[in-house]
Amino acid sequence: MAEPIIAIDGITKSFGAFKVLDKLSLQVMPGEKLALIGPSGSGKTTILRILMTLERIDSGHIRIEGEELYHMPKNGSLVAADERHLTRMRQKIGMVFQLFNLFPHMCVLDNVTLAPRLTKGTPREAAEKRAMDLLDMVGMSAKAKAMPAQLSGGQKQRVAIARALALSPKIMLFDEVTSALDPELVEEVLNVMRKLASETDMTMLLVTHEMGFAHDFADRVLFFDRGRIVEEGKPDEIFRNPKQERTQTFLRKIIAAGHRV
Amino acid sequence: MEWDWEFVWQIMPTMIQGVKITILATILGSALAVVVGLAIALLRRSPSRLVSGTTGLIAEFIRGTPLLVQLYFIFYVLPDIGILLPPLVAGVIGLGLHYGTYTAEVYRAGIDNVPRGQWEAAKACNLSANQTWTRIILPQAIPPMIPALANYFIAMFKETPLLSAITVLELMNQAKSVANTYYRYIEPITLVGAFFLVISLISVIALRWLEHRYGRIER
């Protein structure tokens, strides 16, 4: 059996007195598509933020491709990772945010080429060629010279996906990427992600409230509540036949709120 | 007392010499304040409590004492420990340090106004701390604060007469020496006021333009 690409081992994270993650463990295989669902405050977004090193863990271990994320070996023992180690580990991971977070002072093309040029030393010409390919894939090549402020939310998010892909990460994290969009713009972003899922073998972790999309997209669905994984399984098992009462309650509420399953 | 136009034209070259020094001191003082302010703002954000705390204390001290006292200190007290500065240099350092503590607040507000998501996106793009500051944060933080900075530079300009206290031959000092030579105050001092008014008005118009140009950033 292959090695997991992400191995989370008993991590705990608190914000003040509030325990967001409680001794959580999770293994993700290379190429796997995971959907993380659950009520807000259940810890699913925090997992993505921890993997992107935007939050630190209080305890536990995370290994990416067998290598410690927050620790590094030094003189035979494990010590806290320094910035150099984190920078090297971050190369494997890309993230797309709920609020896009495009750089507003740069055009679309510069948003996509900035990271490869600065972090990998890719020459401008090569970076732009690759950026145009990526923008083409997300259907945004016609807007390469536009500023972010001139784009709709759906367009911004598609650019943000291209930007995250520009560093060729092995793991992509999608944090409620359609939650801030007007309903009519959701589908264009989901289409890009479907394409991405079918055309690449990237490992993807998706936090979402789009249950229909989670069902089609994911190989495995994890239901989070109060910092723990309450239930996990294939999309059909979780959505058609949830075993845990909390999962059933959550899904009933979501359906009542008008989301498709 | 009568206004004497002939006297005005006679002293004009001297007064213009003074204006030049006044403008020079303002420009150099502003340039120094821009750098000092950024340095203070960045040091105050240092993860080391010692660094940020000490910087804060020094800035608070400079802001809390009069510019005139600082100028005296730099020009008349520092020579006691062997630091002898020409008057204009001492004046520019005084202006730059004093106003640097104010521009530091402008930088702080400008930097705080950059949304947290920008820092996070920079991290997700794996940019280094340096690249994040120079490519992402400062380019967004600085344009909206240009009008506020310019405001302080106009205020600094109007405080340059204080430099006459440390023998800088700026406009006010030239006017005083003219007055002391000819025993006429009305023309030189009126001219000082007129020069300041005209330059301030021009600066305010420029400031309005800057506000229009840089005041907001589109997201």
# chains A, B, ... in the order shown; residues from 1 in each chain; ligands from 1
call {"tool": "closest_atom_pairs", "arguments": {"of": "chain A", "to": "chain B", "cutoff": "8 Å", "atoms": "only C-alpha atoms", "output": "CSV"}}
result
residue,atom,partner,partner_atom,distance
A:Met52,CA,B:Ala124,CA,6.5
A:Leu54,CA,B:Glu120,CA,6.7
A:Thr87,CA,B:Asn126,CA,6.3
A:Arg90,CA,B:Asn126,CA,6.3
A:Gln91,CA,B:Asn126,CA,6.8
A:Ile93,CA,B:Ala124,CA,7.7
A:Gly94,CA,B:Ala124,CA,6.0
A:Met95,CA,B:Ala124,CA,6.0
A:Leu99,CA,B:Gly117,CA,7.7
A:Asn101,CA,B:Gly117,CA,5.5
A:Leu102,CA,B:Ala121,CA,7.5
A:Phe103,CA,B:Gln118,CA,6.9
A:Pro104,CA,B:Arg219,CA,5.4
A:His105,CA,B:Gln140,CA,6.7
A:Ala115,CA,B:Cys125,CA,5.5
A:Leu118,CA,B:Leu127,CA,7.2
A:Thr119,CA,B:Leu127,CA,6.4
A:Pro148,CA,B:Arg219,CA,6.7
A:Ala149,CA,B:Arg219,CA,4.9
A:Ala164,CA,B:Cys125,CA,7.1
A:Leu167,CA,B:Cys125,CA,7.7
call {"tool": "write_last_selection", "arguments": {"atoms": "N, CA and C atoms", "output": "mmCIF file, in the first residue's frame"}}
result
data_model
loop_
_atom_site.group_PDB
_atom_site.id
_atom_site.type_symbol
_atom_site.label_atom_id
_atom_site.label_comp_id
_atom_site.auth_asym_id
_atom_site.auth_seq_id
_atom_site.Cartn_x
_atom_site.Cartn_y
_atom_site.Cartn_z
ATOM 1 N N MET A 52 -1.659 24.889 5.557
ATOM 2 C CA MET A 52 -1.020 25.971 4.797
ATOM 3 C C MET A 52 -0.061 26.764 5.691
ATOM 4 N N LEU A 54 -0.856 28.697 8.114
ATOM 5 C CA LEU A 54 -1.394 30.002 8.516
ATOM 6 C C LEU A 54 -1.732 30.009 10.002
ATOM 7 N N THR A 87 9.247 27.064 4.463
ATOM 8 C CA THR A 87 9.213 27.516 3.074
ATOM 9 C C THR A 87 9.329 26.326 2.116
ATOM 10 N N ARG A 90 6.061 24.352 2.215
ATOM 11 C CA ARG A 90 4.935 25.060 1.599
ATOM 12 C C ARG A 90 4.887 24.896 0.089
ATOM 13 N N GLN A 91 6.047 24.609 -0.508
ATOM 14 C CA GLN A 91 6.067 24.427 -1.968
ATOM 15 C C GLN A 91 5.120 23.318 -2.409
ATOM 16 N N ILE A 93 2.211 22.732 -1.222
ATOM 17 C CA ILE A 93 0.814 22.998 -0.894
ATOM 18 C C ILE A 93 0.359 24.323 -1.478
ATOM 19 N N GLY A 94 -0.842 24.331 -2.046
ATOM 20 C CA GLY A 94 -1.434 25.574 -2.538
ATOM 21 C C GLY A 94 -2.806 25.745 -1.919
ATOM 22 N N MET A 95 -3.276 26.999 -1.858
ATOM 23 C CA MET A 95 -4.569 27.221 -1.206
ATOM 24 C C MET A 95 -5.381 28.264 -1.964
ATOM 25 N N LEU A 99 -12.351 34.443 0.189
ATOM 26 C CA LEU A 99 -12.436 35.829 -0.296
ATOM 27 C C LEU A 99 -11.382 36.133 -1.365
ATOM 28 N N ASN A 101 -8.591 36.857 -2.176
ATOM 29 C CA ASN A 101 -7.293 37.424 -1.774
ATOM 30 C C ASN A 101 -6.343 37.622 -2.942
ATOM 31 N N LEU A 102 -6.879 38.032 -4.090
ATOM 32 C CA LEU A 102 -5.987 38.417 -5.182
ATOM 33 C C LEU A 102 -5.220 39.661 -4.752
ATOM 34 N N PHE A 103 -4.054 39.882 -5.349
ATOM 35 C CA PHE A 103 -3.294 41.090 -5.051
ATOM 36 C C PHE A 103 -3.886 42.232 -5.885
ATOM 37 N N PRO A 104 -4.549 43.201 -5.230
ATOM 38 C CA PRO A 104 -5.361 44.174 -5.997
ATOM 39 C C PRO A 104 -4.525 45.159 -6.803
ATOM 40 N N HIS A 105 -3.214 45.264 -6.483
ATOM 41 C CA HIS A 105 -2.386 46.244 -7.176
ATOM 42 C C HIS A 105 -1.668 45.645 -8.377
ATOM 43 N N ALA A 115 4.483 34.503 -7.870
ATOM 44 C CA ALA A 115 5.090 33.476 -7.017
ATOM 45 C C ALA A 115 6.144 32.641 -7.751
ATOM 46 N N LEU A 118 9.254 34.869 -8.143
ATOM 47 C CA LEU A 118 9.975 35.223 -6.919
ATOM 48 C C LEU A 118 10.493 34.004 -6.162
ATOM 49 N N THR A 119 9.716 32.925 -6.142
ATOM 50 C CA THR A 119 10.122 31.817 -5.275
ATOM 51 C C THR A 119 10.892 30.736 -6.023
ATOM 52 N N PRO A 148 -7.791 43.101 -10.772
ATOM 53 C CA PRO A 148 -8.788 42.326 -10.025
ATOM 54 C C PRO A 148 -10.094 43.087 -9.797
ATOM 55 N N ALA A 149 -9.992 44.404 -9.548
ATOM 56 C CA ALA A 149 -11.213 45.172 -9.254
ATOM 57 C C ALA A 149 -12.194 45.169 -10.420
ATOM 58 N N ALA A 164 -2.875 29.694 -7.583
ATOM 59 C CA ALA A 164 -2.444 28.609 -6.694
ATOM 60 C C ALA A 164 -1.800 27.477 -7.490
ATOM 61 N N LEU A 167 2.319 27.338 -8.890
ATOM 62 C CA LEU A 167 3.482 26.773 -8.199
ATOM 63 C C LEU A 167 3.496 25.249 -8.259
#
call {"tool": "select_by_dssp", "arguments": {"residues": "region 41-194 of chain B", "states": "helix (DSSP H, G or I)", "output": "ChimeraX atom specification"}}
result
/B:41-44,49-63,67-81,87-112,116-124,129-166,171-182,186-194
call {"tool": "residues_around", "arguments": {"residues": "Phe61 (chain B)", "least_positions_apart": "4", "cutoff": "12 Å", "atoms": "only C-alpha atoms", "output": "list in words"}}
result
Thr54, Thr55, Gly56, Leu57, Thr65, Pro66, Leu67, Gln70, Leu97, His98, Thr101 and Tyr102 of chain B
call {"tool": "write_last_selection", "arguments": {"atoms": "C-alpha atoms", "output": "PDB file, in the first residue's frame"}}
result
ATOM      1  CA  THR B  54      12.135  50.311  23.167  1.00  0.00           C
ATOM      2  CA  THR B  55      11.206  51.773  19.791  1.00  0.00           C
ATOM      3  CA  GLY B  56       7.776  52.711  21.100  1.00  0.00           C
ATOM      4  CA  LEU B  57       9.269  54.384  24.140  1.00  0.00           C
ATOM      5  CA  THR B  65       8.845  66.893  23.750  1.00  0.00           C
ATOM      6  CA  PRO B  66       8.909  70.187  21.804  1.00  0.00           C
ATOM      7  CA  LEU B  67      10.747  70.338  18.505  1.00  0.00           C
ATOM      8  CA  GLN B  70      15.159  68.880  20.408  1.00  0.00           C
ATOM      9  CA  LEU B  97      13.259  62.639  13.742  1.00  0.00           C
ATOM     10  CA  HIS B  98      10.391  64.666  15.152  1.00  0.00           C
ATOM     11  CA  THR B 101       7.462  59.746  14.930  1.00  0.00           C
ATOM     12  CA  TYR B 102       4.277  61.133  13.399  1.00  0.00           C
TER      13      TYR B 102
END
call {"tool": "atom_distance", "arguments": {"atom1": "CA of Leu21 (chain A)", "atom2": "CA of Glu231 (chain A)"}}
result
15.1 Å
call {"tool": "residues_around", "arguments": {"residues": "region 206-209 of chain A", "least_positions_apart": "3", "cutoff": "7 Å", "atoms": "only C-alpha atoms", "output": "ChimeraX atom specification"}}
result
/A:34-37,44-45,173-176
call {"tool": "residues_around", "arguments": {"residues": "Leu149 (chain B)", "least_positions_apart": "6", "cutoff": "10 Å", "atoms": "only C-alpha atoms", "output": "list in words"}}
result
Ser30, Ala33, Val34, Tyr99, Tyr102, Thr103, Ala104, Glu105, Val106, Tyr107, Ile142, Ala155 and Leu207 of chain B
call {"tool": "select_by_dssp", "arguments": {"residues": "region 55-183 of chain A", "states": "strand (DSSP E or B)", "output": "PyMOL selection string"}}
result
chain A and resi 59-64+67-68+71-74+77-80+93-96+171-175
call {"tool": "write_last_selection", "arguments": {"atoms": "N, CA and C atoms", "output": "short mmCIF file (atom, residue, chain, number, x, y, z; two decimals), in the first residue's frame"}}
result
data_model
loop_
_atom_site.label_atom_id
_atom_site.label_comp_id
_atom_site.auth_asym_id
_atom_site.auth_seq_id
_atom_site.Cartn_x
_atom_site.Cartn_y
_atom_site.Cartn_z
N SER A 59 -0.30 20.87 19.63
CA SER A 59 0.42 19.61 19.83
C SER A 59 0.05 18.63 18.73
N GLY A 60 0.81 17.57 18.61
CA GLY A 60 0.59 16.58 17.57
C GLY A 60 1.60 16.72 16.45
N HIS A 61 1.44 15.88 15.42
CA HIS A 61 2.39 15.89 14.30
C HIS A 61 1.65 15.85 12.97
N ILE A 62 2.25 16.50 11.98
CA ILE A 62 1.73 16.41 10.62
C ILE A 62 2.90 16.04 9.73
N ARG A 63 2.70 15.01 8.90
CA ARG A 63 3.73 14.68 7.92
C ARG A 63 3.17 14.84 6.52
N ILE A 64 3.96 15.51 5.69
CA ILE A 64 3.62 15.66 4.27
C ILE A 64 4.64 14.85 3.49
N GLU A 67 7.40 13.65 5.55
CA GLU A 67 8.29 14.61 6.19
C GLU A 67 7.50 15.50 7.15
N GLU A 68 8.06 15.71 8.33
CA GLU A 68 7.37 16.53 9.33
C GLU A 68 7.16 17.95 8.81
N HIS A 71 7.96 20.25 12.36
CA HIS A 71 9.16 19.85 13.09
C HIS A 71 10.24 19.51 12.11
N MET A 72 11.46 19.56 12.55
CA MET A 72 12.56 19.10 11.71
C MET A 72 13.62 18.44 12.59
N PRO A 73 14.31 17.46 12.00
CA PRO A 73 15.32 16.78 12.79
C PRO A 73 16.55 17.66 12.98
N LYS A 74 17.07 17.66 14.20
CA LYS A 74 18.29 18.41 14.46
C LYS A 74 19.05 17.68 15.56
N SER A 77 17.24 14.80 17.31
CA SER A 77 15.90 14.92 17.90
C SER A 77 15.06 15.88 17.05
N LEU A 78 13.76 15.86 17.28
CA LEU A 78 12.86 16.71 16.50
C LEU A 78 12.71 18.07 17.19
N VAL A 79 12.94 19.13 16.45
CA VAL A 79 12.76 20.47 17.03
C VAL A 79 11.74 21.22 16.18
N ALA A 80 11.28 22.36 16.69
CA ALA A 80 10.31 23.16 15.94
C ALA A 80 10.92 23.61 14.62
N ILE A 93 2.21 22.73 -1.22
CA ILE A 93 0.81 23.00 -0.89
C ILE A 93 0.36 24.32 -1.48
N GLY A 94 -0.84 24.33 -2.05
CA GLY A 94 -1.43 25.57 -2.54
C GLY A 94 -2.81 25.74 -1.92
N MET A 95 -3.28 27.00 -1.86
CA MET A 95 -4.57 27.22 -1.21
C MET A 95 -5.38 28.26 -1.96
N VAL A 96 -6.69 28.02 -2.03
CA VAL A 96 -7.62 28.99 -2.61
C VAL A 96 -8.57 29.42 -1.50
N ILE A 171 -0.60 19.31 -3.31
CA ILE A 171 -1.82 19.31 -2.52
C ILE A 171 -2.50 20.65 -2.71
N MET A 172 -3.79 20.63 -3.03
CA MET A 172 -4.53 21.89 -3.15
C MET A 172 -5.62 21.94 -2.09
N LEU A 173 -5.70 23.10 -1.42
CA LEU A 173 -6.69 23.29 -0.37
C LEU A 173 -7.71 24.32 -0.85
N PHE A 174 -8.98 23.97 -0.79
CA PHE A 174 -10.03 24.88 -1.22
C PHE A 174 -10.90 25.22 -0.01
N ASP A 175 -10.84 26.47 0.44
CA ASP A 175 -11.56 26.86 1.65
C ASP A 175 -12.83 27.62 1.31
#
call {"tool": "atom_distance", "arguments": {"atom1": "CA of Leu86 (chain A)", "atom2": "CA of Val112 (chain A)"}}
result
21.6 Å
call {"tool": "decode", "arguments": {"residues": "region 99-123 of chain B", "atoms": "N, CA and C atoms", "output": "JSON list (two decimals), in the first residue's frame"}}
result
[["chain", "number", "residue", "atom", "x", "y", "z"],
["B", 99, "TYR", "N", 9.24, 64.56, 13.03],
["B", 99, "TYR", "CA", 8.11, 64.21, 12.17],
["B", 99, "TYR", "C", 8.09, 62.73, 11.84],
["B", 100, "GLY", "N", 9.25, 62.07, 11.92],
["B", 100, "GLY", "CA", 9.28, 60.63, 11.71],
["B", 100, "GLY", "C", 8.40, 59.89, 12.71],
["B", 101, "THR", "N", 8.32, 60.41, 13.94],
["B", 101, "THR", "CA", 7.46, 59.75, 14.93],
["B", 101, "THR", "C", 5.98, 59.91, 14.57],
["B", 102, "TYR", "N", 5.67, 60.98, 13.85],
["B", 102, "TYR", "CA", 4.28, 61.13, 13.40],
["B", 102, "TYR", "C", 4.00, 60.30, 12.15],
["B", 103, "THR", "N", 4.94, 60.33, 11.19],
["B", 103, "THR", "CA", 4.70, 59.54, 9.98],
["B", 103, "THR", "C", 4.66, 58.04, 10.32],
["B", 104, "ALA", "N", 5.35, 57.64, 11.40],
["B", 104, "ALA", "CA", 5.30, 56.23, 11.81],
["B", 104, "ALA", "C", 3.85, 55.81, 12.07],
["B", 105, "GLU", "N", 3.06, 56.71, 12.66],
["B", 105, "GLU", "CA", 1.65, 56.40, 12.93],
["B", 105, "GLU", "C", 0.88, 56.26, 11.62],
["B", 106, "VAL", "N", 1.25, 57.10, 10.63],
["B", 106, "VAL", "CA", 0.59, 57.00, 9.33],
["B", 106, "VAL", "C", 0.90, 55.65, 8.69],
["B", 107, "TYR", "N", 2.16, 55.25, 8.76],
["B", 107, "TYR", "CA", 2.54, 53.94, 8.23],
["B", 107, "TYR", "C", 1.78, 52.83, 8.95],
["B", 108, "ARG", "N", 1.73, 52.94, 10.28],
["B", 108, "ARG", "CA", 1.07, 51.90, 11.06],
["B", 108, "ARG", "C", -0.37, 51.72, 10.59],
["B", 109, "ALA", "N", -1.08, 52.86, 10.48],
["B", 109, "ALA", "CA", -2.47, 52.78, 10.04],
["B", 109, "ALA", "C", -2.56, 52.20, 8.63],
["B", 110, "GLY", "N", -1.64, 52.64, 7.76],
["B", 110, "GLY", "CA", -1.66, 52.16, 6.38],
["B", 110, "GLY", "C", -1.42, 50.66, 6.31],
["B", 111, "ILE", "N", -0.47, 50.19, 7.10],
["B", 111, "ILE", "CA", -0.14, 48.76, 7.09],
["B", 111, "ILE", "C", -1.30, 47.95, 7.69],
["B", 112, "ASP", "N", -1.87, 48.47, 8.79],
["B", 112, "ASP", "CA", -2.99, 47.75, 9.41],
["B", 112, "ASP", "C", -4.20, 47.67, 8.49],
["B", 113, "ASN", "N", -4.30, 48.61, 7.56],
["B", 113, "ASN", "CA", -5.46, 48.62, 6.66],
["B", 113, "ASN", "C", -5.37, 47.59, 5.55],
["B", 114, "VAL", "N", -4.19, 47.01, 5.37],
["B", 114, "VAL", "CA", -4.09, 45.94, 4.36],
["B", 114, "VAL", "C", -4.74, 44.70, 4.96],
["B", 115, "PRO", "N", -5.74, 44.13, 4.27],
["B", 115, "PRO", "CA", -6.48, 43.02, 4.87],
["B", 115, "PRO", "C", -5.59, 41.82, 5.18],
["B", 116, "ARG", "N", -5.97, 41.08, 6.23],
["B", 116, "ARG", "CA", -5.20, 39.92, 6.66],
["B", 116, "ARG", "C", -5.06, 38.90, 5.53],
["B", 117, "GLY", "N", -6.09, 38.83, 4.69],
["B", 117, "GLY", "CA", -6.06, 37.88, 3.57],
["B", 117, "GLY", "C", -4.87, 38.08, 2.65],
["B", 118, "GLN", "N", -4.38, 39.32, 2.57],
["B", 118, "GLN", "CA", -3.23, 39.57, 1.71],
["B", 118, "GLN", "C", -1.97, 38.91, 2.27],
["B", 119, "TRP", "N", -1.83, 38.96, 3.61],
["B", 119, "TRP", "CA", -0.69, 38.29, 4.25],
["B", 119, "TRP", "C", -0.80, 36.78, 4.01],
["B", 120, "GLU", "N", -2.03, 36.28, 4.13],
["B", 120, "GLU", "CA", -2.22, 34.84, 4.00],
["B", 120, "GLU", "C", -1.98, 34.38, 2.57],
["B", 121, "ALA", "N", -2.45, 35.19, 1.60],
["B", 121, "ALA", "CA", -2.22, 34.83, 0.21],
["B", 121, "ALA", "C", -0.73, 34.85, -0.09],
["B", 122, "ALA", "N", -0.02, 35.82, 0.48],
["B", 122, "ALA", "CA", 1.43, 35.89, 0.26],
["B", 122, "ALA", "C", 2.11, 34.64, 0.81],
["B", 123, "LYS", "N", 1.62, 34.18, 1.94],
["B", 123, "LYS", "CA", 2.20, 32.97, 2.53],
["B", 123, "LYS", "C", 1.86, 31.75, 1.67]]
